[in-house]
Structure formats: structure tokens, C-alpha cells
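Novice: Got a structure for you, protein_0.pdb, holding PDB, C-alpha atoms and all ligand atoms.
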```
MODEL        1
ATOM      1  CA  MET Q  37     108.702 -29.494  10.659
ATOM      2  CA  ASN Q  38     106.275 -26.826  11.874
ATOM      3  CA  VAL Q  39     104.433 -25.129   9.051
ATOM      4  CA  ALA Q  40     103.947 -21.360   9.320
ATOM      5  CA  LEU Q  41     101.936 -21.049   6.137
ATOM      6  CA  ARG Q  42     100.194 -23.594   3.956
ATOM      7  CA  CYS Q  43      98.649 -22.988   0.547
ATOM      8  CA  ASP Q  44      96.439 -25.899  -0.421
ATOM      9  CA  LYS Q  45      95.696 -25.933  -4.158
ATOM     10  CA  ILE Q  46      94.869 -22.252  -4.421
ATOM     11  CA  THR Q  47      93.533 -21.101  -7.778
ATOM     12  CA  MET Q  48      92.812 -17.576  -9.015
ATOM     13  CA  LYS Q  49      90.777 -16.978 -12.135
ATOM     14  CA  PHE Q  50      90.287 -13.535 -13.636
ATOM     15  CA  GLY Q  51      87.477 -14.074 -16.119
ATOM     16  CA  GLY Q  52      88.904 -16.472 -18.689
ATOM     17  CA  LEU Q  53      92.489 -16.188 -17.404
ATOM     18  CA  THR Q  54      93.759 -18.660 -14.823
ATOM     19  CA  ALA Q  55      96.501 -16.564 -13.173
ATOM     20  CA  VAL Q  56      97.311 -19.247 -10.569
ATOM     21  CA  ASN Q  57      96.364 -22.897 -10.925
ATOM     22  CA  GLU Q  58      96.167 -25.167  -7.838
ATOM     23  CA  PHE Q  59      99.292 -23.795  -6.196
ATOM     24  CA  SER Q  60     100.373 -25.613  -3.047
ATOM     25  CA  VAL Q  61     103.248 -24.883  -0.701
ATOM     26  CA  ASP Q  62     104.286 -25.443   2.916
ATOM     27  CA  VAL Q  63     106.458 -22.678   4.317
ATOM     28  CA  PRO Q  64     108.337 -23.949   7.397
ATOM     29  CA  GLU Q  65     108.498 -21.792  10.505
ATOM     30  CA  LYS Q  66     111.542 -19.510  10.881
ATOM     31  CA  GLU Q  67     112.724 -20.140   7.344
ATOM     32  CA  ILE Q  68     113.343 -17.753   4.474
ATOM     33  CA  TYR Q  69     111.392 -19.317   1.623
ATOM     34  CA  GLY Q  70     111.500 -18.100  -1.981
ATOM     35  CA  LEU Q  71     108.974 -17.862  -4.773
ATOM     36  CA  ILE Q  72     110.413 -17.193  -8.221
ATOM     37  CA  GLY Q  73     109.232 -17.230 -11.807
ATOM     38  CA  PRO Q  74     109.159 -15.129 -14.967
ATOM     39  CA  ASN Q  75     107.117 -11.944 -15.259
ATOM     40  CA  GLY Q  76     103.391 -12.601 -15.214
ATOM     41  CA  ALA Q  77     103.830 -16.082 -13.721
ATOM     42  CA  GLY Q  78     101.309 -15.337 -10.952
ATOM     43  CA  LYS Q  79     103.654 -14.664  -8.019
ATOM     44  CA  THR Q  80     102.015 -11.455  -6.787
ATOM     45  CA  THR Q  81      98.606 -13.063  -7.241
ATOM     46  CA  VAL Q  82      99.700 -15.861  -4.858
ATOM     47  CA  PHE Q  83     100.650 -13.216  -2.264
ATOM     48  CA  ASN Q  84      97.368 -11.372  -2.771
ATOM     49  CA  MET Q  85      95.457 -14.572  -2.025
ATOM     50  CA  ILE Q  86      97.535 -15.206   1.103
ATOM     51  CA  THR Q  87      97.005 -11.690   2.479
ATOM     52  CA  GLY Q  88      93.274 -11.567   1.739
ATOM     53  CA  ASN Q  89      93.623  -8.885  -0.950
ATOM     54  CA  LEU Q  90      92.116 -11.501  -3.279
ATOM     55  CA  GLN Q  91      89.836 -14.399  -2.379
ATOM     56  CA  PRO Q  92      90.976 -17.608  -4.131
ATOM     57  CA  THR Q  93      88.568 -18.984  -6.714
ATOM     58  CA  SER Q  94      89.223 -22.327  -5.012
ATOM     59  CA  GLY Q  95      91.637 -23.796  -2.489
ATOM     60  CA  VAL Q  96      92.532 -22.763   1.048
ATOM     61  CA  VAL Q  97      95.325 -20.769   2.705
ATOM     62  CA  TYR Q  98      96.206 -21.768   6.266
ATOM     63  CA  PHE Q  99      98.160 -19.523   8.621
ATOM     64  CA  LYS Q 100      99.482 -22.080  11.119
ATOM     65  CA  ASP Q 101      96.275 -24.077  11.509
ATOM     66  CA  THR Q 102      93.851 -21.245  10.827
ATOM     67  CA  PRO Q 103      92.074 -21.244   7.457
ATOM     68  CA  LEU Q 104      92.009 -17.672   6.122
ATOM     69  CA  THR Q 105      89.053 -18.136   3.774
ATOM     70  CA  GLY Q 106      86.818 -15.076   3.761
ATOM     71  CA  LEU Q 107      88.994 -13.002   6.102
ATOM     72  CA  LYS Q 108      89.715  -9.352   5.251
ATOM     73  CA  PRO Q 109      93.331  -8.152   4.965
ATOM     74  CA  TYR Q 110      93.272  -6.135   8.247
ATOM     75  CA  LYS Q 111      92.040  -9.205  10.106
ATOM     76  CA  ILE Q 112      94.871 -11.286   8.634
ATOM     77  CA  VAL Q 113      97.370  -8.590   9.686
ATOM     78  CA  SER Q 114      96.007  -8.816  13.221
ATOM     79  CA  LEU Q 115      96.669 -12.578  13.189
ATOM     80  CA  GLY Q 116     100.376 -11.814  12.664
ATOM     81  CA  MET Q 117     101.034 -11.500   8.924
ATOM     82  CA  ALA Q 118     102.515  -8.450   7.223
ATOM     83  CA  ARG Q 119     103.677  -7.664   3.704
ATOM     84  CA  THR Q 120     105.458  -5.188   1.503
ATOM     85  CA  PHE Q 121     104.516  -4.401  -2.080
ATOM     86  CA  GLN Q 122     106.287  -4.726  -5.391
ATOM     87  CA  ASN Q 123     106.151  -0.943  -5.757
ATOM     88  CA  ILE Q 124     107.169   0.691  -2.488
ATOM     89  CA  ARG Q 125     104.131   2.140  -0.746
ATOM     90  CA  LEU Q 126     105.142   4.887   1.664
ATOM     91  CA  PHE Q 127     103.653   8.243   2.599
ATOM     92  CA  THR Q 128     106.418  10.207   0.911
ATOM     93  CA  ASN Q 129     105.557  13.498   2.634
ATOM     94  CA  LEU Q 130     105.569  11.996   6.102
ATOM     95  CA  SER Q 131     108.703  11.379   8.124
ATOM     96  CA  VAL Q 132     110.242   7.961   8.526
ATOM     97  CA  LEU Q 133     108.956   7.905  12.120
ATOM     98  CA  GLU Q 134     105.418   8.818  11.047
ATOM     99  CA  ASN Q 135     105.447   6.110   8.400
ATOM    100  CA  VAL Q 136     106.417   3.521  10.981
ATOM    101  CA  LEU Q 137     103.746   4.870  13.348
ATOM    102  CA  THR Q 138     101.064   4.055  10.782
ATOM    103  CA  GLY Q 139     102.072   0.421  11.298
ATOM    104  CA  PHE Q 140     101.384   0.698  15.025
ATOM    105  CA  HIS Q 141      98.092   2.476  14.382
ATOM    106  CA  HIS Q 142      97.061  -0.416  12.212
ATOM    107  CA  LYS Q 143      97.511  -2.646  15.209
ATOM    108  CA  LEU Q 144      95.416  -0.411  17.450
ATOM    109  CA  GLN Q 145      92.658   0.428  15.004
ATOM    110  CA  TYR Q 146      89.996  -1.209  17.158
ATOM    111  CA  ASN Q 147      90.776   1.458  19.736
ATOM    112  CA  ILE Q 148      89.202   4.109  17.556
ATOM    113  CA  ILE Q 149      87.089   5.468  20.420
ATOM    114  CA  ASN Q 150      90.213   6.751  22.161
ATOM    115  CA  THR Q 151      91.253   8.536  19.009
ATOM    116  CA  VAL Q 152      87.911  10.278  18.686
ATOM    117  CA  LEU Q 153      87.732  11.340  22.308
ATOM    118  CA  ARG Q 154      91.404  12.270  22.625
ATOM    119  CA  THR Q 155      91.380  10.901  26.150
ATOM    120  CA  PRO Q 156      94.457  10.979  28.385
ATOM    121  CA  ARG Q 157      94.783   7.312  27.590
ATOM    122  CA  PHE Q 158      95.057   8.268  23.930
ATOM    123  CA  SER Q 159      97.951  10.659  24.544
ATOM    124  CA  LYS Q 160      99.633   8.041  26.649
ATOM    125  CA  ASN Q 161      99.230   5.532  23.814
ATOM    126  CA  GLU Q 162     100.641   8.036  21.333
ATOM    127  CA  LYS Q 163     103.701   8.581  23.477
ATOM    128  CA  LEU Q 164     104.157   4.873  23.995
ATOM    129  CA  MET Q 165     103.800   4.185  20.278
ATOM    130  CA  LYS Q 166     106.396   6.839  19.458
ATOM    131  CA  GLU Q 167     108.812   5.207  21.879
ATOM    132  CA  MET Q 168     108.106   1.797  20.362
ATOM    133  CA  ALA Q 169     108.551   3.174  16.837
ATOM    134  CA  MET Q 170     111.904   4.740  17.768
ATOM    135  CA  GLU Q 171     112.983   1.481  19.336
ATOM    136  CA  LEU Q 172     111.998  -0.395  16.184
ATOM    137  CA  LEU Q 173     113.934   2.098  14.036
ATOM    138  CA  GLU Q 174     116.914   1.556  16.298
ATOM    139  CA  ARG Q 175     116.688  -2.191  15.816
ATOM    140  CA  VAL Q 176     116.676  -1.832  12.040
ATOM    141  CA  ASN Q 177     119.447   0.794  12.083
ATOM    142  CA  LEU Q 178     117.265   3.626  10.798
ATOM    143  CA  ARG Q 179     117.040   5.694  13.957
ATOM    144  CA  GLU Q 180     119.178   8.535  12.649
ATOM    145  CA  HIS Q 181     116.760   8.874   9.719
ATOM    146  CA  ALA Q 182     113.643   9.117  11.921
ATOM    147  CA  ASP Q 183     112.877  12.769  11.113
ATOM    148  CA  PHE Q 184     113.735  12.614   7.417
ATOM    149  CA  LYS Q 185     110.883  12.661   4.956
ATOM    150  CA  ALA Q 186     110.518   9.266   3.314
ATOM    151  CA  SER Q 187     111.043  10.952  -0.056
ATOM    152  CA  GLU Q 188     114.461  12.234   1.061
ATOM    153  CA  LEU Q 189     115.885   8.754   1.569
ATOM    154  CA  PRO Q 190     117.817   6.766  -1.012
ATOM    155  CA  TYR Q 191     115.788   4.004  -2.655
ATOM    156  CA  GLY Q 192     117.350   1.192  -0.627
ATOM    157  CA  ASP Q 193     116.508   2.881   2.681
ATOM    158  CA  ARG Q 194     112.932   3.519   1.588
ATOM    159  CA  ARG Q 195     112.488  -0.207   1.148
ATOM    160  CA  LYS Q 196     113.828  -0.721   4.672
ATOM    161  CA  VAL Q 197     111.340   1.816   6.062
ATOM    162  CA  GLU Q 198     108.525  -0.061   4.352
ATOM    163  CA  ILE Q 199     109.763  -3.254   5.980
ATOM    164  CA  ALA Q 200     110.035  -1.491   9.362
ATOM    165  CA  ARG Q 201     106.434  -0.342   9.049
ATOM    166  CA  ALA Q 202     105.388  -3.933   8.325
ATOM    167  CA  LEU Q 203     107.331  -5.020  11.430
ATOM    168  CA  ALA Q 204     105.410  -2.470  13.524
ATOM    169  CA  THR Q 205     102.290  -4.621  13.191
ATOM    170  CA  GLY Q 206     104.130  -7.360  15.115
ATOM    171  CA  PRO Q 207     104.163 -10.080  12.458
ATOM    172  CA  LYS Q 208     105.294 -13.687  12.790
ATOM    173  CA  LEU Q 209     105.199 -14.074   9.017
ATOM    174  CA  LEU Q 210     106.539 -11.442   6.656
ATOM    175  CA  LEU Q 211     105.811 -11.482   2.908
ATOM    176  CA  LEU Q 212     108.154  -9.470   0.682
ATOM    177  CA  ASP Q 213     107.194  -8.899  -2.960
ATOM    178  CA  GLU Q 214     110.374  -8.298  -4.993
ATOM    179  CA  PRO Q 215     112.176  -6.363  -2.246
ATOM    180  CA  ALA Q 216     115.321  -5.912  -4.370
ATOM    181  CA  ALA Q 217     113.545  -4.666  -7.502
ATOM    182  CA  GLY Q 218     115.097  -1.442  -8.805
ATOM    183  CA  MET Q 219     118.113  -1.644  -6.511
ATOM    184  CA  ASN Q 220     121.736  -1.367  -7.541
ATOM    185  CA  PRO Q 221     124.099  -4.261  -6.655
ATOM    186  CA  GLN Q 222     125.331  -2.596  -3.431
ATOM    187  CA  GLU Q 223     121.786  -1.868  -2.204
ATOM    188  CA  THR Q 224     120.788  -5.434  -3.094
ATOM    189  CA  LEU Q 225     123.646  -6.905  -1.079
ATOM    190  CA  ASP Q 226     122.854  -4.590   1.821
ATOM    191  CA  LEU Q 227     119.190  -5.648   1.715
ATOM    192  CA  MET Q 228     120.181  -9.309   1.789
ATOM    193  CA  TYR Q 229     122.026  -8.810   5.073
ATOM    194  CA  PHE Q 230     119.144  -6.704   6.362
ATOM    195  CA  ILE Q 231     116.598  -9.448   5.676
ATOM    196  CA  GLU Q 232     118.751 -12.077   7.347
ATOM    197  CA  GLU Q 233     119.244  -9.777  10.319
ATOM    198  CA  ILE Q 234     115.550  -9.015  10.869
ATOM    199  CA  ARG Q 235     114.603 -12.664  10.469
ATOM    200  CA  GLU Q 236     116.903 -13.396  13.360
ATOM    201  CA  LYS Q 237     116.089 -10.352  15.526
ATOM    202  CA  PHE Q 238     112.320 -10.584  15.149
ATOM    203  CA  ASP Q 239     112.119 -14.366  15.032
ATOM    204  CA  LEU Q 240     110.260 -14.300  11.717
ATOM    205  CA  THR Q 241     109.239 -16.630   8.974
ATOM    206  CA  ILE Q 242     109.867 -14.889   5.658
ATOM    207  CA  PHE Q 243     108.231 -15.728   2.339
ATOM    208  CA  LEU Q 244     109.689 -13.678  -0.495
ATOM    209  CA  ILE Q 245     109.199 -13.191  -4.190
ATOM    210  CA  GLU Q 246     112.196 -12.166  -6.190
ATOM    211  CA  HIS Q 247     112.981 -11.831  -9.817
ATOM    212  CA  ASP Q 248     116.720 -11.665  -9.141
ATOM    213  CA  MET Q 249     117.863 -15.312  -9.067
ATOM    214  CA  LYS Q 250     121.113 -14.610  -7.249
ATOM    215  CA  PHE Q 251     119.312 -12.836  -4.443
ATOM    216  CA  VAL Q 252     116.933 -15.746  -3.845
ATOM    217  CA  MET Q 253     119.632 -18.363  -4.248
ATOM    218  CA  ASN Q 254     121.721 -16.729  -1.538
ATOM    219  CA  LEU Q 255     118.936 -16.087   0.956
ATOM    220  CA  CYS Q 256     116.519 -18.982   0.703
ATOM    221  CA  ARG Q 257     116.814 -22.542   1.900
ATOM    222  CA  ARG Q 258     113.987 -23.648  -0.333
ATOM    223  CA  ILE Q 259     112.327 -22.235  -3.413
ATOM    224  CA  SER Q 260     109.164 -22.804  -5.411
ATOM    225  CA  VAL Q 261     109.091 -21.912  -9.097
ATOM    226  CA  LEU Q 262     105.956 -20.657 -10.772
ATOM    227  CA  ASP Q 263     105.442 -20.495 -14.543
ATOM    228  CA  HIS Q 264     102.168 -19.540 -16.218
ATOM    229  CA  GLY Q 265     100.365 -19.970 -12.889
ATOM    230  CA  VAL Q 266     101.653 -23.502 -12.322
ATOM    231  CA  LYS Q 267     104.297 -24.679  -9.872
ATOM    232  CA  ILE Q 268     106.929 -26.349 -12.034
ATOM    233  CA  ALA Q 269     109.611 -27.055  -9.418
ATOM    234  CA  GLU Q 270     110.428 -26.943  -5.718
ATOM    235  CA  GLY Q 271     113.651 -27.552  -3.864
ATOM    236  CA  ALA Q 272     116.984 -26.285  -2.629
ATOM    237  CA  PRO Q 273     118.633 -23.463  -4.649
ATOM    238  CA  GLU Q 274     121.350 -25.682  -6.118
ATOM    239  CA  ASP Q 275     118.741 -28.132  -7.447
ATOM    240  CA  ILE Q 276     116.487 -25.397  -8.803
ATOM    241  CA  GLN Q 277     119.390 -23.804 -10.659
ATOM    242  CA  LYS Q 278     120.021 -26.883 -12.767
ATOM    243  CA  ASN Q 279     116.412 -27.981 -13.193
ATOM    244  CA  PRO Q 280     115.725 -28.137 -16.978
ATOM    245  CA  ASP Q 281     112.073 -27.018 -16.622
ATOM    246  CA  VAL Q 282     113.195 -23.942 -14.689
ATOM    247  CA  ILE Q 283     115.894 -23.085 -17.203
ATOM    248  CA  ARG Q 284     113.357 -23.408 -20.032
ATOM    249  CA  ALA Q 285     110.859 -21.149 -18.255
ATOM    250  CA  TYR Q 286     113.496 -18.468 -17.755
ATOM    251  CA  LEU Q 287     114.813 -18.651 -21.326
ATOM    252  CA  GLY Q 288     111.527 -17.241 -22.544
ATOM    253  CA  ASP Q 289     111.870 -14.323 -20.129
ATOM    254  CA  ILE Q 290     113.929 -11.409 -21.433
ATOM    255  CA  ASP Q 291     114.389  -9.809 -17.993
ATOM    256  CA  ALA Q 292     116.002 -12.830 -16.389
TER     257      ALA Q 292
HETATM  258  N1  LIG X   1      93.404  -8.003 -10.640
HETATM  259  C1  LIG X   1      93.694  -8.610 -11.803
HETATM  260  N2  LIG X   1      92.768  -8.687 -12.785
HETATM  261  C2  LIG X   1      93.043  -9.317 -13.939
HETATM  262  N3  LIG X   1      94.204  -9.931 -14.229
HETATM  263  C3  LIG X   1      95.168  -9.882 -13.282
HETATM  264  C4  LIG X   1      94.964  -9.225 -12.029
HETATM  265  N4  LIG X   1      96.107  -9.347 -11.310
HETATM  266  C5  LIG X   1      96.967 -10.042 -12.073
HETATM  267  N5  LIG X   1      96.416 -10.365 -13.256
HETATM  268  C6  LIG X   1      97.053 -11.151 -14.321
HETATM  269  O1  LIG X   1      97.484 -12.374 -13.753
HETATM  270  C7  LIG X   1      98.740 -12.779 -14.281
HETATM  271  C8  LIG X   1      99.753 -12.930 -13.170
HETATM  272  O2  LIG X   1     100.086 -11.640 -12.658
HETATM  273  P1  LIG X   1     101.026 -11.438 -11.392
HETATM  274  O3  LIG X   1     100.550 -12.286 -10.287
HETATM  275  O4  LIG X   1     101.098  -9.975 -11.136
HETATM  276  O5  LIG X   1     102.422 -11.987 -11.948
HETATM  277  P2  LIG X   1     103.897 -11.838 -11.355
HETATM  278  O6  LIG X   1     103.811 -11.200 -10.012
HETATM  279  O7  LIG X   1     104.439 -13.235 -11.307
HETATM  280  O8  LIG X   1     104.665 -10.998 -12.332
HETATM  281  C9  LIG X   1      99.115 -11.723 -15.318
HETATM  282  O9  LIG X   1      98.704 -12.183 -16.581
HETATM  283  C10 LIG X   1      98.310 -10.515 -14.886
HETATM  284  O10 LIG X   1      98.035  -9.683 -15.984
HETATM  285 MG    MG X   2     104.598  -9.461  -9.270
ENDMDL
END
```
Let me see whether you can do it: turn the structure in this file into C-alpha cells.

Specialist:
Amino acid sequence: MNVALRCDKITMKFGGLTAVNEFSVDVPEKEIYGLIGPNGAGKTTVFNMITGNLQPTSGVVYFKDTPLTGLKPYKIVSLGMARTFQNIRLFTNLSVLENVLTGFHHKLQYNIINTVLRTPRFSKNEKLMKEMAMELLERVNLREHADFKASELPYGDRRKVEIARALATGPKLLLLDEPAAGMNPQETLDLMYFIEEIREKFDLTIFLIEHDMKFVMNLCRRISVLDHGVKIAEGAPEDIQKNPDVIRAYLGDIDA
């Protein structure tokens, strides 16, 4: 098994609170891997440590064989990792196309000198990026929405635009933090197919957090369960579902 992402005993302490305690996981390449757990279990904190938004108090995250310790988020993006957030983060007044373009700009940020000088090369890049963004929108079936403002789209499509923008950075690993949160059953089902489709089309490894058990159970081959910052179980969906520790953890959680 080739490992796309390895967390080796990562711990995050906020003052006296240990939000995540020595969490370890190996996410295999090309798989859709799930992270579940009740509210406040530490799931988003795990993602923040992986993406460099937080530096672990101890432990190491490896992206393939590269330790990410001390690296800033933009640097980690440039290595081929992208994410979406629990609350959708889009520029609501910009068009779908412009939102996706910000993903490409992220990739080219080192080329700032061209931007400042507005050289012919810059205009050529702009044109090329627009073409690439349109092509990406085509591949995720959002092309006909390209000129809509992000705020004009239904909730489910906004989530897809956020994912498309993440794809614009050219990731090998995509992290999705509760992608189905706030969606109705039809949007959730639609998103499940969407995630499977982009994994295939873009040859991705996907690591996703989800509160919705059914969603994770249907999409993921393997799952880790976090409770109070500690990994309490790992395995295939059918084993996780009947694991007594997991059932106990979820009983205390009114949203589950
Ligand atoms: N930046 C922060 N500062 C202090 N406490 C935090 C911070 N981020 C998260 N926490 C706390 O860490 C715990 C885990 O939060 P989080 O990772 O968001 O959980 P989950 O995503 O599983 O719902 C919670 O108790 C939360 O209040
Ligand atoms: Mg969270």
C-alpha cells in the first residue's frame, strides 16, 4: 500500500485543553478515507494540523514522504494538497468563474512580478488561466453556471464550486471538512456521486470529515473514529457501524 498522507501521533493542545491526543492515521493513495466523530471530537483540528493552519504541539504529518513540520499553508498547497472548509468559503459577489480563478492564482502567486508589471506574458497567463478554469468547470459539470454569482447558486452547487476552486490548485490530496453539512437528502446524494466522480477524473486521494454516518459509510473504504480527541476505532464501514465504543460515543451526541 502506498501512503498518501501519514499522521504520526499528532497532538494539539489549546492551553489546558487537549483537542487532539496522539492521533495517527495512514491514508492510502487513491482512496476515499473518512474521519468521523461527535461534535467537538477534534476532527477539524486534525485537518488544520495537516494543512498547516495549526502547528501540532507534538507529532509529525507526512505528505507522501515529506514531513510538513513548520511549513505554511500556501507552501503545503503548492506541494499538492487542497481543502474545503466546514463553512463554505466563497467570494459571494464574484462569479463562479472568478472564484475558480482564485484557485489558479494561488498556484501562480510566486509570479507576482508579472501581475505588477502587467506584461504581455501576464495577459497571456490570464487568458490561459481562464481557459483552464472553464475546462475545469466543464469537467465538474458547472460550465453553464460560470457567469453566475456564487451567491445565486443553490447551496449544493456552491459546495461544488468550492471544491472546483480547490481542484484548480492541482491537488493530489483533497481534504473535505463536512462537505454534506446543511444539505438536503437529494443534494447529499448528488454530492456523493460528485465526489466519487472527481476522485476518478482527477486521480485524487480524498480524506473527508463527515458528521452524516450514511454519507461516510457509502463513500469510504476505511474510517477512523475520533472521540474527545482520541482515536477510538478504525476499520471498514460495516465494522465501525457495529463497534460498541463507536455506538457509545455517538449516543452522547444529540446531532447524530
Ligand atoms: N483555535 C482554537 N482555540 C481553542 N480551542 C479550539 C480551537 N479550535 C478548536 N478548539 C476546541 O477543540 C475542540 C475540538 O474542536 P474541533 O476540532 O473543531 O471539533 P470537530 O471538528 O470534531 O467538531 C473543541 O473543544 C473546540 O472548542
Ligand atoms: Mg469540525

Novice: Box for ligand LIG 1 (chain X) - axis-aligned, 8 Å on each of the six sides, all listed atoms - centre and size in Å to one decimal, as JSON.

Specialist:
```
{"center_x": 98.7, "center_y": -10.6, "center_z": -13.3, "size_x": 27.9, "size_y": 21.2, "size_z": 22.6}
```

Novice: For the structure shown, which residues end up in the PyMOL selection byres (((chain Q and resi 167-177) around 12) and not hetatm)? Put them as a ChimeraX atom specification, please?

Specialist: /Q:131-141,160-166,178-183,193,195-206,227,229-238

Novice: Could you give me, as a tab-separated table, a per-residue list for chain Q showing, wherever an atom lies at most 10 Å from an atom of ligand LIG 1 (chain X), the closest pair of atoms and their distance in Å to one decimal, using all atoms listed in the file and sorting by chain then residue number from low to high?

Specialist:
```
residue	atom	partner	partner_atom	distance
Q:Met48	CA	X:LIG1	O1	8.4
Q:Lys49	CA	X:LIG1	N3	8.1
Q:Phe50	CA	X:LIG1	C2	5.0
Q:Gly51	CA	X:LIG1	C2	7.6
Q:Gly52	CA	X:LIG1	N3	9.5
Q:Leu53	CA	X:LIG1	N3	7.2
Q:Thr54	CA	X:LIG1	O1	7.4
Q:Ala55	CA	X:LIG1	O1	4.3
Q:Val56	CA	X:LIG1	C8	7.3
Q:Leu71	CA	X:LIG1	O7	9.2
Q:Ile72	CA	X:LIG1	O7	7.8
Q:Gly73	CA	X:LIG1	O7	6.3
Q:Pro74	CA	X:LIG1	O7	6.3
Q:Asn75	CA	X:LIG1	O8	3.9
Q:Gly76	CA	X:LIG1	O5	3.5
Q:Ala77	CA	X:LIG1	O7	3.8
Q:Gly78	CA	X:LIG1	O3	3.2
Q:Lys79	CA	X:LIG1	O7	3.7
Q:Thr80	CA	X:LIG1	O6	3.7
Q:Thr81	CA	X:LIG1	O3	3.7
Q:Val82	CA	X:LIG1	O3	6.6
Q:Phe83	CA	X:LIG1	O3	8.1
Q:Asn84	CA	X:LIG1	O3	8.2
Q:Met85	CA	X:LIG1	O3	10.0
Q:Asn89	CA	X:LIG1	N1	9.7
Q:Leu90	CA	X:LIG1	N1	8.3
Q:Gln122	CA	X:LIG1	O6	8.3
Q:Asp213	CA	X:LIG1	O6	8.2
Q:Glu214	CA	X:LIG1	O6	8.8
Q:Ile245	CA	X:LIG1	O6	8.2
Q:Glu246	CA	X:LIG1	O6	9.3
Q:His247	CA	X:LIG1	O8	8.7
Q:Leu262	CA	X:LIG1	O7	7.6
Q:Asp263	CA	X:LIG1	O7	8.0
Q:His264	CA	X:LIG1	C8	7.7
Q:Gly265	CA	X:LIG1	C8	7.1
```

Novice: Measure the distance from atom CA of Phe59 of chain Q to atom CA of Gly271 of chain Q in Å and round it to one decimal.

Specialist: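 Atom-to-atom, atom CA of Phe59 of chain Q to atom CA of Gly271 of chain Q, that is 15.0 Å.
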
Novice: For a quick check of understanding, using all atoms listed in the file, which of Q:Pro64, Q:Pro215, Q:Pro221, Q:Pro109 has the smallest distance to ligand MG 2 (chain X)?

Specialist: Q:Pro215

Novice: Using atom CA of Asn254 of chain Q and atom CA of Gln277 of chain Q as the two end points, give the distance in Å to one decimal.

Specialist: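 For atom CA of Asn254 of chain Q relative to atom CA of Gln277 of chain Q, the distance reads 11.8 Å.
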
Novice: Separation of atom CA of Leu225 of chain Q and atom CA of Gly192 of chain Q, in Å?

Specialist: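 Those two atoms sit 10.3 Å apart.
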
Novice: Using only C-alpha atoms and all ligand atoms, which residue out of Q:Thr102, Q:Ser187, Q:Thr128, Q:Asn123 lies closest to ligand MG 2 (chain X)?

Specialist: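 Checking each of Q:Thr102, Q:Ser187, Q:Thr128, Q:Asn123 against ligand MG 2 (chain X), counting only C-alpha atoms and all ligand atoms, the winner is Q:Asn123.
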
Novice: So, counting all atoms listed in the file, which residue among Q:Glu65, Q:Leu212, Q:Val113, Q:Phe127 is closest to ligand MG 2 (chain X)?

Specialist: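 Ranking Q:Glu65, Q:Leu212, Q:Val113, Q:Phe127 by distance to ligand MG 2 (chain X), first place goes to Q:Leu212.
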